[in-house]
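Trainee: Just so it is clear, I am handing over my_file_36.pdb, which has PDB, C-alpha atoms.
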```pdb
ATOM      1  CA  GLN A   1       9.396   8.925  -6.975  1.00  0.00           C
ATOM      2  CA  SER A   2      12.006   6.349  -6.041  1.00  0.00           C
ATOM      3  CA  ALA A   3      11.169   3.565  -3.631  1.00  0.00           C
ATOM      4  CA  LEU A   4      12.272   3.958  -0.040  1.00  0.00           C
ATOM      5  CA  THR A   5      15.351   1.903   0.750  1.00  0.00           C
ATOM      6  CA  GLN A   6      15.072  -1.132   3.025  1.00  0.00           C
ATOM      7  CA  PRO A   7      17.501  -3.979   3.602  1.00  0.00           C
ATOM      8  CA  ALA A   8      16.585  -6.962   1.454  1.00  0.00           C
ATOM      9  CA  SER A   9      16.646  -9.353   4.384  1.00  0.00           C
ATOM     10  CA  VAL A  10      17.011  -9.462   8.139  1.00  0.00           C
ATOM     11  CA  SER A  11      17.174 -12.573  10.273  1.00  0.00           C
ATOM     12  CA  GLY A  12      17.175 -13.447  13.914  1.00  0.00           C
ATOM     13  CA  SER A  13      16.670 -16.316  16.317  1.00  0.00           C
ATOM     14  CA  PRO A  14      13.448 -16.783  18.245  1.00  0.00           C
ATOM     15  CA  GLY A  15      13.296 -14.382  21.161  1.00  0.00           C
ATOM     16  CA  GLN A  16      15.787 -11.963  19.658  1.00  0.00           C
ATOM     17  CA  SER A  17      14.959  -8.448  18.543  1.00  0.00           C
ATOM     18  CA  ILE A  18      15.504  -7.106  15.061  1.00  0.00           C
ATOM     19  CA  THR A  19      15.246  -3.677  13.502  1.00  0.00           C
ATOM     20  CA  ILE A  20      14.375  -2.875   9.903  1.00  0.00           C
ATOM     21  CA  SER A  21      15.388   0.485   8.488  1.00  0.00           C
ATOM     22  CA  CYS A  22      13.578   2.508   5.852  1.00  0.00           C
ATOM     23  CA  THR A  23      15.501   5.370   4.300  1.00  0.00           C
ATOM     24  CA  GLY A  24      13.856   8.075   2.289  1.00  0.00           C
ATOM     25  CA  THR A  25      14.457  11.745   1.634  1.00  0.00           C
ATOM     26  CA  THR A  26      13.486  15.177   2.886  1.00  0.00           C
ATOM     27  CA  ASN A  27      10.508  14.940   0.514  1.00  0.00           C
ATOM     28  CA  ASP A  28       8.934  11.931   2.167  1.00  0.00           C
ATOM     29  CA  VAL A  29      10.070  10.167   5.350  1.00  0.00           C
ATOM     30  CA  GLY A  30      12.001  13.180   6.583  1.00  0.00           C
ATOM     31  CA  LYS A  31       9.138  15.587   6.079  1.00  0.00           C
ATOM     32  CA  PHE A  32       5.949  13.827   7.099  1.00  0.00           C
ATOM     33  CA  LYS A  33       4.522  11.987  10.083  1.00  0.00           C
ATOM     34  CA  PHE A  34       2.612   9.711   7.693  1.00  0.00           C
ATOM     35  CA  VAL A  35       5.097   6.855   7.777  1.00  0.00           C
ATOM     36  CA  SER A  36       3.621   3.384   8.126  1.00  0.00           C
ATOM     37  CA  TRP A  37       4.668  -0.264   8.133  1.00  0.00           C
ATOM     38  CA  TYR A  38       3.015  -3.346   6.674  1.00  0.00           C
ATOM     39  CA  GLN A  39       3.405  -7.077   7.121  1.00  0.00           C
ATOM     40  CA  LYS A  40       2.861  -9.295   4.121  1.00  0.00           C
ATOM     41  CA  TYR A  41       2.669 -13.050   3.988  1.00  0.00           C
ATOM     42  CA  PRO A  42       2.884 -14.896   0.659  1.00  0.00           C
ATOM     43  CA  ASP A  43      -0.404 -14.862  -1.248  1.00  0.00           C
ATOM     44  CA  LYS A  44      -2.015 -12.655   1.382  1.00  0.00           C
ATOM     45  CA  ALA A  45      -2.839  -8.976   1.340  1.00  0.00           C
ATOM     46  CA  PRO A  46      -0.615  -6.699   3.418  1.00  0.00           C
ATOM     47  CA  THR A  47      -1.771  -5.675   6.881  1.00  0.00           C
ATOM     48  CA  LEU A  48      -1.083  -2.412   8.684  1.00  0.00           C
ATOM     49  CA  LEU A  49       1.357  -2.760  11.575  1.00  0.00           C
ATOM     50  CA  ILE A  50       2.382   0.795  12.430  1.00  0.00           C
ATOM     51  CA  TYR A  51       1.007   4.156  11.345  1.00  0.00           C
ATOM     52  CA  GLU A  52       2.130   7.747  11.840  1.00  0.00           C
ATOM     53  CA  VAL A  53       5.633   6.537  12.656  1.00  0.00           C
ATOM     54  CA  ARG A  54       4.867   4.870  15.987  1.00  0.00           C
ATOM     55  CA  TYR A  55       1.202   4.030  16.522  1.00  0.00           C
ATOM     56  CA  ARG A  56      -0.189   0.496  16.451  1.00  0.00           C
ATOM     57  CA  PRO A  57      -3.695  -0.282  15.193  1.00  0.00           C
ATOM     58  CA  SER A  58      -5.904  -2.173  17.567  1.00  0.00           C
ATOM     59  CA  GLY A  59      -4.973  -5.856  17.570  1.00  0.00           C
ATOM     60  CA  VAL A  60      -1.332  -5.442  16.607  1.00  0.00           C
ATOM     61  CA  SER A  61       1.101  -6.904  19.103  1.00  0.00           C
ATOM     62  CA  ASP A  62       3.125  -4.488  21.218  1.00  0.00           C
ATOM     63  CA  ARG A  63       6.191  -6.468  20.116  1.00  0.00           C
ATOM     64  CA  PHE A  64       6.115  -4.222  17.055  1.00  0.00           C
ATOM     65  CA  SER A  65       7.274  -0.638  17.443  1.00  0.00           C
ATOM     66  CA  GLY A  66       8.200   2.193  15.122  1.00  0.00           C
ATOM     67  CA  SER A  67      10.406   5.240  15.246  1.00  0.00           C
ATOM     68  CA  LYS A  68      11.939   7.845  12.978  1.00  0.00           C
ATOM     69  CA  SER A  69      15.087   9.934  12.914  1.00  0.00           C
ATOM     70  CA  GLY A  70      15.650  12.331  10.082  1.00  0.00           C
ATOM     71  CA  ASN A  71      15.046  10.618   6.764  1.00  0.00           C
ATOM     72  CA  THR A  72      15.111   7.109   8.224  1.00  0.00           C
ATOM     73  CA  ALA A  73      12.257   5.247   9.842  1.00  0.00           C
ATOM     74  CA  SER A  74      12.670   2.003  11.720  1.00  0.00           C
ATOM     75  CA  LEU A  75      10.539  -0.965  12.662  1.00  0.00           C
ATOM     76  CA  THR A  76      11.612  -3.039  15.646  1.00  0.00           C
ATOM     77  CA  ILE A  77      10.275  -6.492  16.378  1.00  0.00           C
ATOM     78  CA  LEU A  78      10.857  -7.646  19.943  1.00  0.00           C
ATOM     79  CA  GLY A  79      10.919 -11.304  20.955  1.00  0.00           C
ATOM     80  CA  LEU A  80      11.011 -12.690  17.419  1.00  0.00           C
ATOM     81  CA  ARG A  81       8.553 -15.523  16.778  1.00  0.00           C
ATOM     82  CA  PRO A  82       8.250 -17.989  13.885  1.00  0.00           C
ATOM     83  CA  GLU A  83       5.028 -16.312  12.790  1.00  0.00           C
ATOM     84  CA  ASP A  84       6.942 -13.067  12.239  1.00  0.00           C
ATOM     85  CA  GLU A  85       8.487 -14.569   9.117  1.00  0.00           C
ATOM     86  CA  ALA A  86       7.093 -12.331   6.397  1.00  0.00           C
ATOM     87  CA  VAL A  87       8.016  -9.437   4.157  1.00  0.00           C
ATOM     88  CA  TYR A  88       7.793  -6.012   5.750  1.00  0.00           C
ATOM     89  CA  TYR A  89       7.219  -2.795   3.834  1.00  0.00           C
ATOM     90  CA  CYS A  90       7.450   0.798   4.930  1.00  0.00           C
ATOM     91  CA  SER A  91       5.467   3.553   3.279  1.00  0.00           C
ATOM     92  CA  SER A  92       5.380   7.318   3.308  1.00  0.00           C
ATOM     93  CA  PHE A  93       3.401  10.304   2.145  1.00  0.00           C
ATOM     94  CA  THR A  94       5.398  12.440  -0.294  1.00  0.00           C
ATOM     95  CA  SER A  95       5.659  16.111  -1.170  1.00  0.00           C
ATOM     96  CA  ALA A  96       3.967  15.365  -4.494  1.00  0.00           C
ATOM     97  CA  ASN A  97       0.864  14.179  -2.630  1.00  0.00           C
ATOM     98  CA  THR A  98       1.622  10.634  -3.688  1.00  0.00           C
ATOM     99  CA  GLY A  99       2.535   7.493  -1.811  1.00  0.00           C
ATOM    100  CA  VAL A 100       5.751   5.557  -1.917  1.00  0.00           C
ATOM    101  CA  PHE A 101       6.616   2.128  -0.551  1.00  0.00           C
ATOM    102  CA  GLY A 102       9.892   0.727   0.603  1.00  0.00           C
ATOM    103  CA  THR A 103      11.685  -1.990  -1.298  1.00  0.00           C
ATOM    104  CA  GLY A 104      10.603  -4.597   1.238  1.00  0.00           C
ATOM    105  CA  THR A 105      12.515  -6.632   3.821  1.00  0.00           C
ATOM    106  CA  GLU A 106      12.220 -10.373   4.160  1.00  0.00           C
ATOM    107  CA  VAL A 107      12.417 -11.417   7.784  1.00  0.00           C
ATOM    108  CA  THR A 108      13.672 -14.906   8.534  1.00  0.00           C
ATOM    109  CA  VAL A 109      13.408 -16.541  11.924  1.00  0.00           C
ATOM    110  CA  LEU A 110      16.352 -18.892  12.243  1.00  0.00           C
TER     111      LEU A 110
ATOM    112  CA  VAL B   1     -14.665  -3.737   6.252  1.00  0.00           C
ATOM    113  CA  GLN B   2     -14.659  -5.581   2.974  1.00  0.00           C
ATOM    114  CA  LEU B   3     -13.025  -4.599  -0.294  1.00  0.00           C
ATOM    115  CA  VAL B   4     -13.639  -6.912  -3.228  1.00  0.00           C
ATOM    116  CA  GLU B   5     -11.803  -6.279  -6.466  1.00  0.00           C
ATOM    117  CA  SER B   6     -12.855  -7.620  -9.824  1.00  0.00           C
ATOM    118  CA  GLY B   7     -12.143  -7.116 -13.490  1.00  0.00           C
ATOM    119  CA  GLY B   8      -8.647  -8.528 -13.664  1.00  0.00           C
ATOM    120  CA  ARG B   9      -8.000 -10.743 -16.688  1.00  0.00           C
ATOM    121  CA  VAL B  10      -5.597 -11.504 -19.492  1.00  0.00           C
ATOM    122  CA  VAL B  11      -5.426  -8.598 -21.921  1.00  0.00           C
ATOM    123  CA  GLN B  12      -3.281  -7.935 -24.947  1.00  0.00           C
ATOM    124  CA  ALA B  13      -0.561  -5.313 -24.868  1.00  0.00           C
ATOM    125  CA  GLY B  14      -1.947  -1.987 -25.955  1.00  0.00           C
ATOM    126  CA  GLY B  15      -5.387  -2.870 -24.665  1.00  0.00           C
ATOM    127  CA  SER B  16      -7.461  -1.364 -21.883  1.00  0.00           C
ATOM    128  CA  LEU B  17      -9.153  -2.616 -18.741  1.00  0.00           C
ATOM    129  CA  ILE B  18     -11.441  -1.423 -15.982  1.00  0.00           C
ATOM    130  CA  LEU B  19     -10.961  -2.762 -12.468  1.00  0.00           C
ATOM    131  CA  THR B  20     -13.692  -2.335  -9.901  1.00  0.00           C
ATOM    132  CA  CYS B  21     -13.699  -2.534  -6.134  1.00  0.00           C
ATOM    133  CA  SER B  22     -16.909  -3.026  -4.184  1.00  0.00           C
ATOM    134  CA  ALA B  23     -16.655  -1.647  -0.682  1.00  0.00           C
ATOM    135  CA  SER B  24     -18.745  -2.471   2.362  1.00  0.00           C
ATOM    136  CA  GLY B  25     -18.628  -2.314   6.126  1.00  0.00           C
ATOM    137  CA  PHE B  26     -17.600   1.321   6.423  1.00  0.00           C
ATOM    138  CA  ASP B  27     -18.709   4.757   5.306  1.00  0.00           C
ATOM    139  CA  PHE B  28     -17.158   4.605   1.845  1.00  0.00           C
ATOM    140  CA  GLY B  29     -17.902   8.234   1.057  1.00  0.00           C
ATOM    141  CA  ASN B  30     -15.831   9.357   4.033  1.00  0.00           C
ATOM    142  CA  ASN B  31     -12.469   7.888   3.094  1.00  0.00           C
ATOM    143  CA  ALA B  32      -9.809   8.454   0.500  1.00  0.00           C
ATOM    144  CA  MET B  33      -9.129   5.317  -1.536  1.00  0.00           C
ATOM    145  CA  HIS B  34      -6.113   3.950  -3.385  1.00  0.00           C
ATOM    146  CA  TRP B  35      -4.957   1.387  -5.888  1.00  0.00           C
ATOM    147  CA  VAL B  36      -1.691  -0.400  -5.170  1.00  0.00           C
ATOM    148  CA  ARG B  37      -0.127  -3.182  -7.197  1.00  0.00           C
ATOM    149  CA  GLN B  38       2.421  -5.904  -6.724  1.00  0.00           C
ATOM    150  CA  LEU B  39       4.379  -7.092  -9.729  1.00  0.00           C
ATOM    151  CA  PRO B  40       5.257 -10.798  -9.786  1.00  0.00           C
ATOM    152  CA  GLY B  41       8.070 -11.473  -7.360  1.00  0.00           C
ATOM    153  CA  LYS B  42       8.435  -7.772  -6.642  1.00  0.00           C
ATOM    154  CA  GLY B  43       7.431  -5.279  -4.011  1.00  0.00           C
ATOM    155  CA  LEU B  44       4.418  -3.046  -3.577  1.00  0.00           C
ATOM    156  CA  GLU B  45       3.884  -0.063  -5.834  1.00  0.00           C
ATOM    157  CA  TRP B  46       1.475   2.750  -5.029  1.00  0.00           C
ATOM    158  CA  LEU B  47      -0.478   3.773  -8.108  1.00  0.00           C
ATOM    159  CA  THR B  48      -3.141   6.355  -7.375  1.00  0.00           C
ATOM    160  CA  ILE B  49      -5.412   8.007  -4.825  1.00  0.00           C
ATOM    161  CA  ILE B  50      -8.821   9.621  -4.964  1.00  0.00           C
ATOM    162  CA  THR B  51     -10.189  11.851  -2.233  1.00  0.00           C
ATOM    163  CA  TYR B  52     -13.408  11.029  -0.392  1.00  0.00           C
ATOM    164  CA  ASP B  53     -15.541  13.036  -2.806  1.00  0.00           C
ATOM    165  CA  GLY B  54     -13.612  12.328  -5.968  1.00  0.00           C
ATOM    166  CA  GLY B  55     -12.575  15.955  -6.161  1.00  0.00           C
ATOM    167  CA  GLU B  56      -8.871  15.293  -6.215  1.00  0.00           C
ATOM    168  CA  THR B  57      -6.742  12.533  -7.702  1.00  0.00           C
ATOM    169  CA  HIS B  58      -3.021  11.883  -7.820  1.00  0.00           C
ATOM    170  CA  TYR B  59      -1.015   9.346  -9.773  1.00  0.00           C
ATOM    171  CA  ALA B  60       2.383   7.700  -9.665  1.00  0.00           C
ATOM    172  CA  ASP B  61       4.632   8.987 -12.422  1.00  0.00           C
ATOM    173  CA  SER B  62       4.790   5.482 -13.900  1.00  0.00           C
ATOM    174  CA  MET B  63       1.053   5.493 -14.509  1.00  0.00           C
ATOM    175  CA  LYS B  64       0.288   9.112 -15.400  1.00  0.00           C
ATOM    176  CA  GLY B  65      -1.674   9.411 -18.584  1.00  0.00           C
ATOM    177  CA  ARG B  66      -2.468   5.706 -18.692  1.00  0.00           C
ATOM    178  CA  VAL B  67      -4.764   5.260 -15.708  1.00  0.00           C
ATOM    179  CA  THR B  68      -7.765   7.042 -14.266  1.00  0.00           C
ATOM    180  CA  ILE B  69      -9.196   6.479 -10.808  1.00  0.00           C
ATOM    181  CA  SER B  70     -12.817   7.275 -10.077  1.00  0.00           C
ATOM    182  CA  ARG B  71     -15.498   6.419  -7.564  1.00  0.00           C
ATOM    183  CA  ASP B  72     -19.256   6.156  -7.169  1.00  0.00           C
ATOM    184  CA  ASN B  73     -20.152   6.967  -3.580  1.00  0.00           C
ATOM    185  CA  GLN B  74     -23.782   6.052  -4.167  1.00  0.00           C
ATOM    186  CA  LYS B  75     -22.842   2.525  -5.175  1.00  0.00           C
ATOM    187  CA  ASN B  76     -19.765   2.220  -2.926  1.00  0.00           C
ATOM    188  CA  ILE B  77     -17.569   1.333  -5.862  1.00  0.00           C
ATOM    189  CA  LEU B  78     -14.015   2.344  -6.723  1.00  0.00           C
ATOM    190  CA  TYR B  79     -12.747   2.103 -10.297  1.00  0.00           C
ATOM    191  CA  LEU B  80      -9.406   1.976 -12.047  1.00  0.00           C
ATOM    192  CA  TYR B  81      -9.386   2.479 -15.789  1.00  0.00           C
ATOM    193  CA  MET B  82      -6.139   1.439 -17.428  1.00  0.00           C
ATOM    194  CA  LYS B  83      -5.195   1.923 -21.071  1.00  0.00           C
ATOM    195  CA  THR B  84      -2.243   1.305 -23.363  1.00  0.00           C
ATOM    196  CA  LEU B  85      -1.337  -1.637 -21.181  1.00  0.00           C
ATOM    197  CA  ARG B  86       2.197  -3.006 -21.279  1.00  0.00           C
ATOM    198  CA  GLU B  87       3.611  -6.394 -20.311  1.00  0.00           C
ATOM    199  CA  GLU B  88       5.210  -4.712 -17.317  1.00  0.00           C
ATOM    200  CA  ASP B  89       1.736  -3.848 -15.997  1.00  0.00           C
ATOM    201  CA  THR B  90       1.215  -7.531 -15.246  1.00  0.00           C
ATOM    202  CA  ALA B  91       0.540  -7.535 -11.523  1.00  0.00           C
ATOM    203  CA  LEU B  92      -1.891  -8.138  -8.703  1.00  0.00           C
ATOM    204  CA  TYR B  93      -3.931  -4.963  -8.214  1.00  0.00           C
ATOM    205  CA  TYR B  94      -5.174  -4.085  -4.742  1.00  0.00           C
ATOM    206  CA  CYS B  95      -7.971  -1.757  -3.740  1.00  0.00           C
ATOM    207  CA  VAL B  96      -6.960  -0.056  -0.506  1.00  0.00           C
ATOM    208  CA  LYS B  97      -8.741   2.132   2.027  1.00  0.00           C
ATOM    209  CA  ASP B  98      -7.008   5.162   3.509  1.00  0.00           C
ATOM    210  CA  LEU B  99      -6.977   5.361   7.279  1.00  0.00           C
ATOM    211  CA  LYS B 100      -8.152   8.943   7.215  1.00  0.00           C
ATOM    212  CA  PHE B 101     -10.754  11.198   5.681  1.00  0.00           C
ATOM    213  CA  ASP B 102      -8.043  13.278   4.044  1.00  0.00           C
ATOM    214  CA  PRO B 103      -5.255  11.473   2.161  1.00  0.00           C
ATOM    215  CA  SER B 104      -2.618  10.170   4.529  1.00  0.00           C
ATOM    216  CA  MET B 105      -1.147   7.333   2.443  1.00  0.00           C
ATOM    217  CA  ILE B 106      -1.792   5.033   5.402  1.00  0.00           C
ATOM    218  CA  TYR B 107      -3.543   1.902   4.217  1.00  0.00           C
ATOM    219  CA  ASP B 108      -5.662   0.292   6.894  1.00  0.00           C
ATOM    220  CA  PHE B 109      -7.675  -2.198   4.844  1.00  0.00           C
ATOM    221  CA  TRP B 110      -6.783  -4.044   1.676  1.00  0.00           C
ATOM    222  CA  GLY B 111      -8.757  -6.157  -0.728  1.00  0.00           C
ATOM    223  CA  GLN B 112      -7.440  -9.537  -1.801  1.00  0.00           C
ATOM    224  CA  GLY B 113      -6.383  -8.209  -5.165  1.00  0.00           C
ATOM    225  CA  THR B 114      -7.356  -8.914  -8.748  1.00  0.00           C
ATOM    226  CA  PRO B 115      -4.726 -10.261 -11.172  1.00  0.00           C
ATOM    227  CA  VAL B 116      -3.996  -8.560 -14.447  1.00  0.00           C
ATOM    228  CA  THR B 117      -1.873 -10.272 -17.091  1.00  0.00           C
ATOM    229  CA  VAL B 118      -0.775  -8.349 -20.160  1.00  0.00           C
ATOM    230  CA  SER B 119       0.331 -10.544 -23.015  1.00  0.00           C
ATOM    231  CA  SER B 120       2.339  -9.504 -26.060  1.00  0.00           C
TER     232      SER B 120
END
```
How would this structure read if it were set down as C-alpha cells?
Mentor:
Amino acid sequence: QSALTQPASVSGSPGQSITISCTGTTNDVGKFKFVSWYQKYPDKAPTLLIYEVRYRPSGVSDRFSGSKSGNTASLTILGLRPEDEAVYYCSSFTSANTGVFGTGTEVTVL
Amino acid sequence: VQLVESGGRVVQAGGSLILTCSASGFDFGNNAMHWVRQLPGKGLEWLTIITYDGGETHYADSMKGRVTISRDNQKNILYLYMKTLREEDTALYYCVKDLKFDPSMIYDFWGQGTPVTVSS
C-alpha cells in the first residue's frame, strides 16, 4: 500500500486560508468515507482534526474543515494562526482492510 | 483516555521485542486498536490493527510475518510482538485507539510512543 500523496509544504500569512490536498486511489480515499486528518507538532503525538472526510471532534476549531472529491481529500485551514504551524497528515481506510497515511505536509505561517 | 506504551529499547538486528500499551479511561474491550510508527525524520506509518475482541487482525505489507498484534481485554493491555528486527525498524511506536467499535482507521487517541532502536 503506497502512502497517500500530500504536498511537502504549504505556507501562508496569518489570517490567510490554505488548503492541503491528499491524493489516493479508488482503493482508499476514492472508495471510503473513512478519511481523516491529523495535526502533529514536533515531539508530540498526533491529534485528530477531521474524521469521516468532514467531521470535527469536539474541541477542534471550526477553522479546520475537510472535503473530498473523487480520489482526493482536502483540508482547509481558515484564518491561519502561528499555532497552526505543524505537520498535517491525512489517512484512509483501504480495500485491504488496512490503514494508510499521507506523506505529510509541513505548514508554515509566514 | 490514557494510552501508555512501554517496552521500547535498543535491540540488535535480527532480535525480537514485545511492546505493550496499557489503556485506561475508556471501555478498552469495545474498541479496535492499532500500532502506528514514525521513523526518524519521516512520516507516520500504519502497522497493524486488532478488532475489539481480538478476532481479526490486519498488517501492513512491510510488517507481515514479522509482527503480531494481540490484546488482553481483562487487563486492558495491547501488545506488539516484533521479530527479525532490522535497522529500518528504528522508530517511535505509537499505540492508537480506533474511533469506532468496528475498524475505521480513524485514530482518536494516541499514546506518547515508545522508541525502538535497532542496531547492527
Trainee: Skipping near chain neighbours, those fewer than 4 positions away, what residues fall within 9 Å of segment 29-39 of chain B using only C-alpha atoms, listed as a PyMOL selection string?
Mentor: chain B and resi 43-54+69+71-74+76+78-80+88-105+107+113
Trainee: Please, could you write that set of residues out with C-alpha atoms as a short mmCIF file (atom, residue, chain, number, x, y, z; two decimals), keeping the file's coordinate frame?
Mentor:
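Written file, result_5.cif:
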```
data_model
loop_
_atom_site.label_atom_id
_atom_site.label_comp_id
_atom_site.auth_asym_id
_atom_site.auth_seq_id
_atom_site.Cartn_x
_atom_site.Cartn_y
_atom_site.Cartn_z
CA GLY B 43 7.43 -5.28 -4.01
CA LEU B 44 4.42 -3.05 -3.58
CA GLU B 45 3.88 -0.06 -5.83
CA TRP B 46 1.48 2.75 -5.03
CA LEU B 47 -0.48 3.77 -8.11
CA THR B 48 -3.14 6.36 -7.38
CA ILE B 49 -5.41 8.01 -4.82
CA ILE B 50 -8.82 9.62 -4.96
CA THR B 51 -10.19 11.85 -2.23
CA TYR B 52 -13.41 11.03 -0.39
CA ASP B 53 -15.54 13.04 -2.81
CA GLY B 54 -13.61 12.33 -5.97
CA ILE B 69 -9.20 6.48 -10.81
CA ARG B 71 -15.50 6.42 -7.56
CA ASP B 72 -19.26 6.16 -7.17
CA ASN B 73 -20.15 6.97 -3.58
CA GLN B 74 -23.78 6.05 -4.17
CA ASN B 76 -19.76 2.22 -2.93
CA LEU B 78 -14.02 2.34 -6.72
CA TYR B 79 -12.75 2.10 -10.30
CA LEU B 80 -9.41 1.98 -12.05
CA GLU B 88 5.21 -4.71 -17.32
CA ASP B 89 1.74 -3.85 -16.00
CA THR B 90 1.22 -7.53 -15.25
CA ALA B 91 0.54 -7.54 -11.52
CA LEU B 92 -1.89 -8.14 -8.70
CA TYR B 93 -3.93 -4.96 -8.21
CA TYR B 94 -5.17 -4.08 -4.74
CA CYS B 95 -7.97 -1.76 -3.74
CA VAL B 96 -6.96 -0.06 -0.51
CA LYS B 97 -8.74 2.13 2.03
CA ASP B 98 -7.01 5.16 3.51
CA LEU B 99 -6.98 5.36 7.28
CA LYS B 100 -8.15 8.94 7.22
CA PHE B 101 -10.75 11.20 5.68
CA ASP B 102 -8.04 13.28 4.04
CA PRO B 103 -5.26 11.47 2.16
CA SER B 104 -2.62 10.17 4.53
CA MET B 105 -1.15 7.33 2.44
CA TYR B 107 -3.54 1.90 4.22
CA GLY B 113 -6.38 -8.21 -5.16
#
```
Trainee: Which residue, B:Lys64, B:Arg86, B:Lys75, B:Arg9, has the smallest gap to chain A when you use all atoms listed in the file?
Mentor: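 Nearest to chain A: B:Lys64.
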Trainee: Measuring between all atoms listed in the file, which one of B:Ser62, B:Gln112, B:Ser6, B:Ser119 shows the shortest distance to Thr98 of chain A?
Mentor: B:Ser62
Trainee: To one decimal in Å, tell me the separation between atom CA of Ala45 of chain A and atom CA of Gly15 of chain B.
Mentor: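 Rounded to one decimal, the two atoms are 26.8 Å apart.
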Trainee: Hey, can you check how far atom CA of Val1 of chain B sits from atom CA of Asp84 of chain A?
Mentor: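 Rounded to one decimal, the two atoms are 24.3 Å apart.
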Trainee: Residue by residue, what does the PyMOL selection byres ((chain A and resi 50) around 8) grab here? Present the result as a VMD selection string.
Mentor: chain A and resid 36 to 38 48 to 49 51 to 57 64 to 66
Trainee: Which residue out of B:Gly25, B:Ile18, B:Val10, B:Asp61 has the minimum interatomic distance to Phe109 of chain B when only C-alpha atoms are used?
Mentor: B:Gly25
